[in-house]
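Peer 1: Provided herewith: start-v8.txt, compact mmCIF, C-alpha atoms.
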# COMPACT_ATOMS: atom_id res chain seq x y z
CA THR A 1 137.29 139.86 -4.70
CA ASN A 2 137.08 136.86 -7.08
CA LYS A 3 140.08 138.30 -8.93
CA ASP A 4 142.40 135.69 -10.43
CA THR A 5 145.52 137.57 -9.33
CA TYR A 6 144.69 136.82 -5.70
CA LEU A 7 143.78 133.22 -6.43
CA LYS A 8 147.11 132.76 -8.20
CA ALA A 9 148.99 134.14 -5.20
CA ALA A 10 146.98 131.93 -2.84
CA ARG A 11 147.78 128.87 -4.94
CA GLU A 12 151.49 129.64 -4.78
CA ARG A 13 151.38 130.03 -1.01
CA ALA A 14 149.32 126.86 -0.54
CA SER A 15 151.72 124.92 -2.77
CA ASN A 16 154.69 126.23 -0.80
CA LEU A 17 153.06 125.13 2.46
CA SER A 18 152.33 121.66 1.11
CA GLN A 19 155.93 121.33 -0.06
CA ARG A 20 157.15 122.23 3.41
CA LEU A 21 155.35 119.26 4.92
CA THR A 22 157.85 116.51 5.69
CA GLY A 23 157.31 112.79 5.26
CA PRO A 24 156.39 112.25 8.94
CA GLY A 25 153.94 115.18 8.85
CA TRP A 26 155.58 118.23 10.42
CA PHE A 27 156.19 121.52 8.60
CA ARG A 28 159.70 122.78 7.84
CA SER A 29 160.37 126.45 8.60
CA ASP A 30 163.39 126.63 6.29
CA SER A 31 165.03 124.75 3.41
CA GLY A 32 166.63 122.27 5.79
CA THR A 33 165.35 120.27 8.75
CA ARG A 34 164.27 123.01 11.09
CA PRO A 35 160.64 122.38 12.13
CA TYR A 36 158.03 125.11 12.26
CA TYR A 37 156.96 125.80 15.83
CA HIS A 38 155.47 128.95 17.28
CA ALA A 39 154.48 130.17 20.72
CA ALA A 40 151.33 131.87 19.45
CA GLU A 41 150.43 130.51 16.00
CA ALA A 42 151.39 126.83 16.01
CA GLY A 43 148.22 125.95 14.12
CA PHE A 44 148.50 128.70 11.52
CA PRO A 45 149.72 126.59 8.55
CA VAL A 46 146.63 124.38 8.82
CA VAL A 47 144.30 127.33 9.42
CA SER A 48 145.78 129.11 6.37
CA LEU A 49 145.07 126.12 4.15
CA VAL A 50 141.52 125.92 5.51
CA HIS A 51 140.88 129.53 4.47
CA TYR A 52 142.51 128.84 1.10
CA LEU A 53 139.97 126.07 0.47
CA ARG A 54 137.18 128.65 0.67
CA ILE A 55 138.32 130.24 -2.61
CA GLU A 56 139.91 127.37 -4.53
CA ARG A 57 137.86 125.94 -7.43
CA ASP A 58 140.29 123.36 -8.83
CA GLN A 59 139.51 119.90 -7.42
CA ASN A 60 143.08 118.64 -7.70
CA LEU A 61 144.41 121.63 -5.76
CA THR A 62 141.72 121.37 -3.09
CA GLN A 63 142.58 117.70 -2.65
CA GLN A 64 146.25 118.56 -2.29
CA ALA A 65 145.44 121.07 0.46
CA ARG A 66 143.17 118.60 2.27
CA THR A 67 145.86 115.93 2.08
CA THR A 68 148.34 118.33 3.68
CA ILE A 69 145.86 119.29 6.39
CA GLY A 70 145.02 115.67 7.15
CA LYS A 71 148.64 114.55 7.30
CA ALA A 72 149.62 117.47 9.56
CA LEU A 73 146.75 116.82 11.97
CA ASP A 74 147.42 113.07 12.02
CA TYR A 75 151.04 113.75 12.90
CA GLN A 76 150.08 116.20 15.65
CA ILE A 77 147.90 113.54 17.27
CA GLU A 78 150.62 110.90 16.86
CA LEU A 79 153.25 113.19 18.39
CA THR A 80 150.98 114.13 21.29
CA ASP A 81 150.18 110.48 21.99
CA GLY A 82 153.81 109.36 21.68
CA VAL A 83 154.59 109.51 25.40
CA SER A 84 152.74 109.31 28.69
CA ASN A 85 150.52 112.37 28.52
CA PRO A 86 147.65 112.41 31.05
CA PHE A 87 146.54 115.92 30.08
CA ASN A 88 146.67 115.23 26.31
CA TYR A 89 148.94 118.28 26.06
CA ALA A 90 150.08 119.19 22.54
CA ARG A 91 153.70 118.31 21.88
CA GLN A 92 155.96 119.69 19.15
CA ASN A 93 159.19 119.24 17.23
CA PHE A 94 161.93 121.83 17.60
CA ARG A 95 165.62 122.55 17.34
CA SER A 96 167.05 124.63 20.15
CA TYR A 97 169.03 127.83 19.62
CA ARG A 98 171.71 129.06 21.99
CA ASN A 99 174.88 131.13 21.84
CA GLY A 100 173.94 132.32 18.35
CA LYS A 101 173.80 128.80 16.96
CA LEU A 102 170.99 126.46 15.90
CA GLY A 103 171.09 123.10 17.64
CA ALA A 104 171.88 120.08 15.49
CA LEU A 105 169.35 117.72 17.06
CA LEU A 106 165.70 117.49 16.04
CA GLN A 107 163.85 117.22 19.33
CA GLU A 108 160.35 116.59 20.65
CA GLY A 109 158.88 118.22 23.72
CA PHE A 110 155.86 119.59 25.53
CA PHE A 111 156.86 123.27 25.75
CA ILE A 112 158.51 125.95 23.63
CA PRO A 113 162.25 125.63 24.39
CA HIS A 114 163.70 128.44 26.48
CA SER A 115 166.77 128.43 24.23
CA ASN A 116 165.41 130.24 21.18
CA GLU A 117 166.24 133.39 19.24
CA THR A 118 163.67 135.62 20.92
CA ASN A 119 164.62 134.86 24.54
CA TYR A 120 161.00 135.36 25.57
CA TRP A 121 158.66 133.12 23.57
CA TRP A 122 158.66 130.61 26.40
CA GLN A 123 156.76 132.89 28.78
CA GLY A 124 153.52 130.97 28.33
CA GLU A 125 151.58 128.71 26.03
CA SER A 126 147.92 129.74 26.15
CA ALA A 127 148.00 131.20 22.64
CA ARG A 128 149.85 128.20 21.17
CA LEU A 129 147.31 125.79 22.63
CA ALA A 130 144.36 127.85 21.40
CA SER A 131 145.90 128.03 17.92
CA LEU A 132 146.31 124.23 17.78
CA ALA A 133 142.76 123.73 19.04
CA THR A 134 141.54 126.01 16.25
CA ALA A 135 143.57 124.07 13.68
CA ALA A 136 142.10 120.78 14.89
CA VAL A 137 138.51 122.04 14.65
CA LEU A 138 138.73 124.00 11.39
CA GLY A 139 141.03 121.44 9.82
CA GLY A 140 138.77 118.58 10.84
CA ARG A 141 135.77 120.33 9.33
CA ALA A 142 137.71 120.89 6.10
CA LEU A 143 138.36 117.15 5.94
CA GLY A 144 134.66 116.39 5.84
CA GLY A 145 133.33 117.38 9.22
CA LYS A 146 130.38 119.67 9.87
CA SER A 147 130.25 123.27 11.04
CA SER A 148 127.99 122.32 13.93
CA GLY A 149 126.88 119.34 15.95
CA PRO A 150 128.62 117.24 18.63
CA ASN A 151 132.41 117.13 18.96
CA PHE A 152 132.78 120.53 17.25
CA GLY A 153 131.70 118.80 14.03
CA VAL A 154 134.96 116.83 13.77
CA SER A 155 136.19 113.33 14.61
CA PRO A 156 136.19 112.31 18.30
CA THR A 157 140.00 112.20 18.27
CA LEU A 158 140.40 115.76 16.98
CA ALA A 159 137.62 116.98 19.24
CA ALA A 160 139.29 115.48 22.30
CA PHE A 161 142.62 117.02 21.31
CA ALA A 162 141.08 120.47 20.83
CA GLN A 163 139.12 120.27 24.08
CA SER A 164 142.19 119.18 26.04
CA GLN A 165 144.17 122.24 24.95
CA LEU A 166 141.38 124.59 26.08
CA ASP A 167 140.89 122.61 29.29
CA TRP A 168 144.56 123.06 30.19
CA THR A 169 144.22 126.84 29.86
CA LEU A 170 140.99 126.84 31.88
CA GLY A 171 142.39 124.91 34.84
CA ARG A 172 142.94 121.25 33.97
CA ASN A 173 146.68 121.39 34.56
CA PRO A 174 149.04 120.28 37.37
CA PHE A 175 148.56 123.60 39.19
CA ASP A 176 144.73 123.78 38.98
CA MET A 177 145.40 127.25 37.58
CA CYS A 178 142.77 128.91 35.38
CA MET A 179 144.39 131.37 32.97
CA LEU A 180 141.06 133.14 32.39
CA TYR A 181 141.00 135.91 35.00
CA GLY A 182 137.93 136.02 37.21
CA PHE A 183 137.04 132.36 36.65
CA GLY A 184 138.09 128.99 38.00
CA VAL A 185 139.46 127.93 41.37
CA LYS A 186 142.52 130.20 41.24
CA ASN A 187 144.18 132.56 38.80
CA PRO A 188 147.87 133.37 38.20
CA PRO A 189 149.30 136.03 40.51
CA SER A 190 149.39 139.57 39.17
CA ALA A 191 152.62 140.78 37.60
CA ILE A 192 153.63 144.43 37.44
CA SER A 193 155.04 143.87 33.96
CA ALA A 194 151.66 142.63 32.73
CA GLY A 195 149.64 145.57 33.98
CA ASP A 196 146.23 145.19 35.58
CA MET A 197 144.45 142.03 34.42
CA VAL A 198 140.71 142.45 33.96
CA LYS A 199 138.01 139.82 34.20
CA GLY A 200 138.05 137.80 31.01
CA GLY A 201 141.72 138.48 30.29
CA ILE A 202 143.85 135.41 29.57
CA SER A 203 147.31 134.95 31.04
CA ASN A 204 150.18 133.83 28.81
CA GLY A 205 150.04 130.54 30.68
CA ILE A 206 152.38 127.82 31.90
CA THR A 207 155.86 127.17 30.61
CA GLY A 208 158.43 124.43 31.17
CA ALA A 209 162.19 124.43 31.52
Written as C-alpha cells, that's how I'd like the structure from this file.
Peer 2:
Amino acid sequence: TNKDTYLKAARERASNLSQRLTGPGWFRSDSGTRPYYHAAEAGFPVVSLVHYLRIERDQNLTQQARTTIGKALDYQIELTDGVSNPFNYARQNFRSYRNGKLGALLQEGFFIPHSNETNYWWQGESARLASLATAAVLGGRALGGKSSGPNFGVSPTLAAFAQSQLDWTLGRNPFDMCMLYGFGVKNPPSAISAGDMVKGGISNGITGA
C-alpha cells in the first residue's frame, strides 16, 4: 500500500525480531532463554525479515535486518555441522516441556522433542525442513545472492543445506522413504487418521524419540 502506518508496524516487528536474536545466533521465543523452534515454521523469522526488506527504505534498518538474517543462518549451519551428521539434517535448540513444566536445560537435537506443550508436534518434520530450506534460499539471496542461477542463487554452503533438507523428505534418509506420495522407491504406509493420500501429497515425515 506504501502507507507509512504499515511500514511503521513492520519496523517495530523487525526490530523485535532482531532483539530476540541471542549472541550465539538463535532466536528467543520469550523474555528468557527459551529458544524459538517450530515443527512447521522453523525458518519463519528469517523469511519474515526477507519480506520486510522488500518495503524498507532506510539503509540503516535494512542493514540491521540483513545482519540478523546472516547471523541466524550462520548459526543454523554451525549447529547443523556441530556433530556427525551424514545427511546434513537441520538441528535445533530447544527446552523440553513435561508434566506442565518447562525444562531447565537448553538442549540441541535433530528432531522436535516429544515432550512439548502440544503433545503432537513431533509427528513429522517435512514442513520444518522445507521452512528451513526456504529460509536458507531467501535469506541467502537477501544477503547478496541472486534470484536465479546455480546453487539457488546463494552461497554453496546455504545451497547444500537447503538441498539436504529437501533430499531428506524426498528419500535420502535412513529408511529410503520418499514422503512425496507416488514418487520414489517407497512411500510411508497409509494411515486411517490421515485419510486417503493422493499423488503429490507430502507425508508429515520422520520423527525421533
Peer 1: For A:Met197, list every protein, DNA or RNA residue within 12 Å, evaluated using only C-alpha atoms, and leave out those in the same chain fewer than 3 positions away; present the list as a VMD selection string.
Peer 2: chain A and resid 179 to 182 187 to 194 200 to 204
Peer 1: Write out, as CSV, each residue of stretch 25-92 of chain A that has an atom at most 7 Å from stretch 107-127 of chain A, together with the closest pair of atoms and their distance in Å to one decimal, counting all atoms listed in the file, rows going by chain and rising number.
Peer 2:
residue,atom,partner,partner_atom,distance
A:Ala39,CA,A:Trp121,CA,5.9
A:Ala40,CA,A:Ala127,CA,4.7
A:Ala90,CA,A:Phe110,CA,6.5
A:Arg91,CA,A:Phe110,CA,4.4
A:Gln92,CA,A:Glu108,CA,5.6
Peer 1: Name all residues at most 10 Å from A:Ala159 (count all atoms listed in the file; drop same-chain ones fewer than 4 positions away) and give them as an MDAnalysis selection string.
Peer 2: chainID A and resid 133 136:137 140 150:155 163:164
Peer 1: Please save C-alpha atoms of the selected residues as a compact mmCIF listing (two decimals), keeping the file's coordinate frame.
Peer 2:
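Result written to result.txt:
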# COMPACT_ATOMS: atom_id res chain seq x y z
CA ALA A 133 142.76 123.73 19.04
CA ALA A 136 142.10 120.78 14.89
CA VAL A 137 138.51 122.04 14.65
CA GLY A 140 138.77 118.58 10.84
CA PRO A 150 128.62 117.24 18.63
CA ASN A 151 132.41 117.13 18.96
CA PHE A 152 132.78 120.53 17.25
CA GLY A 153 131.70 118.80 14.03
CA VAL A 154 134.96 116.83 13.77
CA SER A 155 136.19 113.33 14.61
CA GLN A 163 139.12 120.27 24.08
CA SER A 164 142.19 119.18 26.04
Peer 1: Within 7 Å of A:Leu49, counting only C-alpha atoms, which residues show up once you throw out same-chain ones fewer than 4 positions away? Write them as a PyMOL selection string, please.
Peer 2: chain A and resi 14+45+53+65
Peer 1: Near stretch 71-80 of chain A, counting all atoms listed in the file, which residues have an atom at most 8 Å away, once you skip same-chain residues fewer than 4 positions from it, shown as a list in words?
Peer 2: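 My reading of the contact set: Leu21, Pro24, Gly25, Trp26, Phe27, Val46, Thr67, Asn85, Asn88, Tyr89, Ala90, Arg91, Gln92, Ala136, Gly139, Leu158 and Phe161 of chain A.
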Peer 1: At a cut-off of 8 Å, using all atoms listed in the file, what residues contact A:Lys186? Leave out same-chain residues fewer than 4 positions from it and give the result as a list in words.
Peer 2: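 Surrounding residues, per the criterion: Asp176, Met177 and Cys178 of chain A.
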Peer 1: Could you check how far atom CA of A:Gly205 sits from atom CA of A:Gly43, in Å to one decimal?
Peer 2: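 If I compute the distance from atom CA of A:Gly205 to atom CA of A:Gly43, I get 17.3 Å.
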Peer 1: Atom CA of A:Asn93 to atom CA of A:Pro35: how many Å, to one decimal?
Peer 2: 6.2 Å
Peer 1: State, in Å with one decimal place, the distance from atom CA of A:Pro156 to atom CA of A:Leu138.
Peer 2: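 Taking atom CA of A:Pro156 as the start and atom CA of A:Leu138 as the end point, the length is 13.8 Å.
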Peer 1: Using only C-alpha atoms, find the one residue out of A:Lys8, A:Arg141, A:Lys146, A:Arg128 that sits nearest to A:Gln165.
Peer 2: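 Closest to A:Gln165, using only C-alpha atoms: A:Arg128.
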